[in-house]
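Written below as structure tokens is the structure these notes are about.
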Number of protein chains: 4
Amino acid sequence: MGKNRLEAFSDGVIAIIITIMVLEMKVPHGDSLEALAPLLPVFLCYVLSFVYLGIYWSNHHHMLHACQKVTGSVLWANLHLLFWLSLVPFATGWMGENHFAAAPSAIYGVVLLMAAISYWILQQLIIASQGRDSLLKKAVRGDWKGKLSPVLYTIAIVLAFWSQWISIGLYVFVALIWLVPDRRIERVLLSENT
Amino acid sequence: MGKNRLEAFSDGVIAIIITIMVLEMKVPHGDSLEALAPLLPVFLCYVLSFVYLGIYWSNHHHMLHACQKVTGSVLWANLHLLFWLSLVPFATGWMGENHFAAAPSAIYGVVLLMAAISYWILQQLIIASQGRDSLLKKAVRGDWKGKLSPVLYTIAIVLAFWSQWISIGLYVFVALIWLVPDRRIERVLLSENT
Amino acid sequence: MGKNRLEAFSDGVIAIIITIMVLEMKVPHGDSLEALAPLLPVFLCYVLSFVYLGIYWSNHHHMLHACQKVTGSVLWANLHLLFWLSLVPFATGWMGENHFAAAPSAIYGVVLLMAAISYWILQQLIIASQGRDSLLKKAVRGDWKGKLSPVLYTIAIVLAFWSQWISIGLYVFVALIWLVPDRRIERVLLSENT
Amino acid sequence: MGKNRLEAFSDGVIAIIITIMVLEMKVPHGDSLEALAPLLPVFLCYVLSFVYLGIYWSNHHHMLHACQKVTGSVLWANLHLLFWLSLVPFATGWMGENHFAAAPSAIYGVVLLMAAISYWILQQLIIASQGRDSLLKKAVRGDWKGKLSPVLYTIAIVLAFWSQWISIGLYVFVALIWLVPDRRIERVLLSENT
């Protein structure tokens, strides 16, 4: 299985998810600026999810860069990741329409947590396929972001039923620590070549 | 006709089908966890169809890998396959919304059967285009999955009007036997190169 | 401007149009086989438009194969073609929902006619960009299909208000004469290389 | 990060935006030609936005052509641009449904202005990544279109509350001055190679 087609397919799926999510923001009734006001929480949810999907797309790209061959298990682990990412618009829409109510905010965290777990599974399978001198293994050594994120998602899910604003704050915080692009993989790849 | 553009187009269509199918899961009214309960059968249908589309994408990829040139008939057999795959979300939605009623469960099987037949036609046309020493012909020799699946779909369609749970069980069973990725084509290709 | 990106973009747009058109077939209310009956005209419309979009995708591919460089005017002529193709689902849905009424059947022909004209403009601009020894010019010499189709569309548009079944018959007839894939371009390209 | 995947992802997102925007034009109730009349303003809005997205796709392509490496900040500036472009269908739909009312016409301008600003940011970041001898910097020297457009958008936003027809006229005017394809980048690239 060529890596290129896996990348192209993943790009296609993420491009569709990220675009249609924003397209789903409904045109308001009424033609005044006030008609836009109720859309604000929905809009903010979309911005947050847009950033998350952008982070996944960017990190996915870097990870596949360090992957030479695509095995059957890597292929299915990738589809598994895409499945959870494709639920992001659902969770986003539910959270936005209910103005950050407790249950939708918790479910949003569950989807993020499952996406993080499926990303981790994909990473482990690529490392396993590379054998002892895995480039990716070196690259993700000391990957504190990848370890911290699922912990923070879990805390956010539990706390959502007590105060959803803490949950939202945690989701925003995790997005911010990831926005700094992951240059470790690039660095290891560069140092290998020299 | 270049194989690359056929692959890219097929990838695009399958990516759109698989993604939009999940996106069609409607956001529930109400903001409690209980509001999610009626979505469970719909969700399970989507998971099943997601797996089926993943199987088709993966097998399609392997088959085209063993195909050197794209003739007009291969192009149209491919579009024919994509047409039936594009009906999967329709059958999935109808089955999910009616909680696995008899007729929708049978129609779901009809769509799967037609997709399997159109896949088989595409395979035969690629083999025919390759002439006597067809790589693909060797690769699919002893393809018991490809022969068994349409038989099981047909049984499932008939039995749906008696007990749809047997049908659903058969659809899940066929998906499971395909989830083991098809390494035969890769093996024949490898042995050719050595 | 690289030809590859123009091809990839066109493929993406046509893949989205062809797929979403089929996805728009609404899941029927009711869980019996009879509930599918009213969908039959809609379904047949979709099959016809699916074939038309497949023909355009295939011919577009062959035409770009014979095109070396993409000028600004070729780029915009291509977008112009994509614009009319993107109206096919609209015309298809209107015709299907109104069971082949006169006005929708005529508008369907108008969209096909505009797509044919924009395809012709694109072809002329590619020929112009190739200069005197245009490969494409040789390839489309004696292109009776490309000349006959707009004439038949125009007849179908006018006759729709008298009997829409003649119009539908003409649309089906034109699709059938195109289904035979266009090998002229390939032939000229081959003879150039030898 | 490979430039190809950034291009492919951007192409995918823009292809989805441009196509789905047109697909969102709703099939009218009624089967007479008169039923199409109320769709005319909506249709004209779509044509305008289709042209704008075509301009962005074309210019984006030329700009990336002059870009050698993709840094993390370029990647996110590109996603930022795609985010604002993905709001174009929303603004188009709101403006079309309300027949060019004041507030929707102003918001349409805001989305165009934000897209123009995010395009400019992306351009500056690519120039910065190229260092002192930036090809792109030379190419956009004297870019009066890029400087004039945001000024005209701002005037259009303010004037929308006084007369929205002036705003619409300005949006059409800006689209027209961009329709002439931007050959400056190509020219600089060519002169570098000779």
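As shown in the structure tokens, the chain order sets the letters A, B, ...; within each chain, residues go from 1, and ligands are also counted from 1 in the order they appear.
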
Please list as a list of chain:residue names every residue within 6 Å of range 103-117 of chain D, counting only C-alpha atoms and excluding residues in the same chain fewer than 5 positions away.
A:Ser32, A:Leu33, D:Leu81, D:Trp84, D:Ala91, D:Trp94, D:Met95, D:Pro150, D:Tyr153, D:Ile157, D:Ala160

Set the distance at 8 Å and use only C-alpha atoms: which residues neighbour Ile126 in chain D once local chain neighbours fewer than 5 positions away are removed? I'd like the list as a PDB file with all heavy atoms, in the first residue's frame.
```
ATOM      1  N   CYS D  67       6.729  29.358  -3.497  1.00  0.00           N
ATOM      2  CA  CYS D  67       7.090  29.036  -2.108  1.00  0.00           C
ATOM      3  C   CYS D  67       7.826  27.705  -2.091  1.00  0.00           C
ATOM      4  O   CYS D  67       7.347  26.720  -2.653  1.00  0.00           O
ATOM      5  CB  CYS D  67       5.798  28.969  -1.281  1.00  0.00           C
ATOM      6  SG  CYS D  67       5.979  28.195   0.333  1.00  0.00           S
ATOM      7  N   VAL D  70       7.483  24.830   3.572  1.00  0.00           N
ATOM      8  CA  VAL D  70       6.310  25.153   4.373  1.00  0.00           C
ATOM      9  C   VAL D  70       6.684  25.075   5.839  1.00  0.00           C
ATOM     10  O   VAL D  70       6.964  24.003   6.374  1.00  0.00           O
ATOM     11  CB  VAL D  70       5.162  24.166   4.058  1.00  0.00           C
ATOM     12  CG1 VAL D  70       3.970  24.445   4.956  1.00  0.00           C
ATOM     13  CG2 VAL D  70       4.763  24.269   2.598  1.00  0.00           C
ATOM     14  N   VAL D  74       3.448  29.140   8.243  1.00  0.00           N
ATOM     15  CA  VAL D  74       2.800  29.177   6.927  1.00  0.00           C
ATOM     16  C   VAL D  74       1.593  28.252   6.921  1.00  0.00           C
ATOM     17  O   VAL D  74       0.515  28.605   6.440  1.00  0.00           O
ATOM     18  CB  VAL D  74       3.804  28.793   5.816  1.00  0.00           C
ATOM     19  CG1 VAL D  74       3.091  28.493   4.510  1.00  0.00           C
ATOM     20  CG2 VAL D  74       4.833  29.892   5.609  1.00  0.00           C
ATOM     21  N   LEU D 136       8.975  35.675  -3.981  1.00  0.00           N
ATOM     22  CA  LEU D 136       7.605  36.160  -3.853  1.00  0.00           C
ATOM     23  C   LEU D 136       7.590  37.667  -3.577  1.00  0.00           C
ATOM     24  O   LEU D 136       6.726  38.386  -4.066  1.00  0.00           O
ATOM     25  CB  LEU D 136       6.886  35.397  -2.728  1.00  0.00           C
ATOM     26  CG  LEU D 136       5.400  35.672  -2.556  1.00  0.00           C
ATOM     27  CD1 LEU D 136       4.639  35.342  -3.827  1.00  0.00           C
ATOM     28  CD2 LEU D 136       4.836  34.865  -1.399  1.00  0.00           C
TER      29      LEU D 136
END
```

note - CA of Gly142 in chain A and CA of Ile121 in chain A are separated by 16.8 Å

If you run DSSP on the backbone here, which positions in range 21-194 of chain B get alpha helix (DSSP H)? Please write them as a ChimeraX atom specification. /B:21-23,40-65,72-86,88-97,102-130,135-139,144-159,164-179,184-193

Mind dumping a table of every chain D residue within 12 Å of chain B, with the nearest atom pair and its distance in Å to one decimal, using only C-alpha atoms, sorted by chain and rising number, as a Markdown table?
```
| residue | atom | partner | partner_atom | distance |
| --- | --- | --- | --- | --- |
| D:Ala8 | CA | B:Ala8 | CA | 11.1 |
| D:Phe9 | CA | B:Gly12 | CA | 11.9 |
| D:Asp11 | CA | B:Gly12 | CA | 12.0 |
| D:Gly12 | CA | B:Gly12 | CA | 9.1 |
| D:Ala15 | CA | B:Gly12 | CA | 11.2 |
| D:Ile16 | CA | B:Ile16 | CA | 9.8 |
| D:Ile20 | CA | B:Ile16 | CA | 12.0 |
```

Mind writing the picked residues with all heavy atoms as a compact mmCIF listing (two decimals), in the first residue's frame?
```txt
# COMPACT_ATOMS: atom_id res chain seq x y z
N ALA D 8 -2.64 20.15 -1.88
CA ALA D 8 -3.73 19.19 -2.07
C ALA D 8 -4.85 19.45 -1.06
O ALA D 8 -6.04 19.43 -1.40
CB ALA D 8 -3.21 17.76 -1.93
N PHE D 9 -4.45 19.72 0.20
CA PHE D 9 -5.45 19.97 1.24
C PHE D 9 -6.22 21.26 0.94
O PHE D 9 -7.46 21.29 1.02
CB PHE D 9 -4.75 20.07 2.59
CG PHE D 9 -5.70 20.19 3.75
CD1 PHE D 9 -6.39 19.08 4.21
CD2 PHE D 9 -5.90 21.40 4.39
CE1 PHE D 9 -7.27 19.18 5.27
CE2 PHE D 9 -6.78 21.51 5.45
CZ PHE D 9 -7.45 20.40 5.90
N ASP D 11 -6.62 22.70 -2.00
CA ASP D 11 -7.46 22.43 -3.17
C ASP D 11 -8.74 21.71 -2.74
O ASP D 11 -9.83 22.05 -3.20
CB ASP D 11 -6.72 21.52 -4.16
CG ASP D 11 -5.80 22.31 -5.05
OD1 ASP D 11 -5.74 23.55 -4.89
OD2 ASP D 11 -5.16 21.72 -5.91
N GLY D 12 -8.57 20.70 -1.87
CA GLY D 12 -9.74 19.94 -1.42
C GLY D 12 -10.73 20.85 -0.72
O GLY D 12 -11.93 20.83 -1.02
N ALA D 15 -12.33 23.28 -3.20
CA ALA D 15 -13.25 22.56 -4.08
C ALA D 15 -14.56 22.25 -3.36
O ALA D 15 -15.65 22.37 -3.93
CB ALA D 15 -12.60 21.26 -4.57
N ILE D 16 -14.46 21.87 -2.08
CA ILE D 16 -15.68 21.57 -1.32
C ILE D 16 -16.50 22.83 -1.12
O ILE D 16 -17.72 22.84 -1.31
CB ILE D 16 -15.32 20.92 0.03
CG1 ILE D 16 -14.59 19.59 -0.20
CG2 ILE D 16 -16.56 20.70 0.88
CD1 ILE D 16 -13.87 19.08 1.03
N ILE D 20 -20.19 22.95 -2.82
CA ILE D 20 -21.34 22.83 -1.93
C ILE D 20 -22.13 24.13 -1.90
O ILE D 20 -23.35 24.12 -1.77
CB ILE D 20 -20.87 22.38 -0.53
CG1 ILE D 20 -20.39 20.94 -0.65
CG2 ILE D 20 -21.98 22.52 0.49
CD1 ILE D 20 -20.11 20.25 0.63
```

**Item:** Residue nearest Tyr46 in chain A among D:Gln164, D:Ser86, D:Ser149, D:Asn98 (counting only C-alpha atoms)
**Value:**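 Using only C-alpha atoms, the shortest distance to Tyr46 in chain A belongs to D:Ser86.
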
Students should find that CA of Ser10 in chain A and CA of Met25 in chain D are spaced 28.6 Å

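By only C-alpha atoms, and with residues fewer than 5 positions from Glu24 in chain B along its chain excluded, the set lying at most 9 Å from it is A:Phe90, B:Thr19, B:Pro89, B:Gly93.
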
Expected file contents, prior selection, N, CA, C and O atoms, as a tab-separated table (two decimals), in the first residue's frame:
```tsv
chain	number	residue	atom	x	y	z
A	90	PHE	N	-20.43	16.47	14.79
A	90	PHE	CA	-21.61	16.10	15.57
A	90	PHE	C	-21.51	16.66	16.99
A	90	PHE	O	-22.42	17.35	17.46
B	19	THR	N	-17.39	10.09	4.75
B	19	THR	CA	-17.42	11.21	5.69
B	19	THR	C	-18.82	11.76	5.84
B	19	THR	O	-19.31	11.97	6.96
B	89	PRO	N	-24.88	5.15	1.95
B	89	PRO	CA	-25.44	6.02	2.98
B	89	PRO	C	-26.97	6.04	2.98
B	89	PRO	O	-27.59	6.08	4.04
B	93	GLY	N	-28.98	4.93	6.21
B	93	GLY	CA	-29.90	5.83	6.87
B	93	GLY	C	-31.29	5.23	7.00
B	93	GLY	O	-31.94	5.34	8.05
```
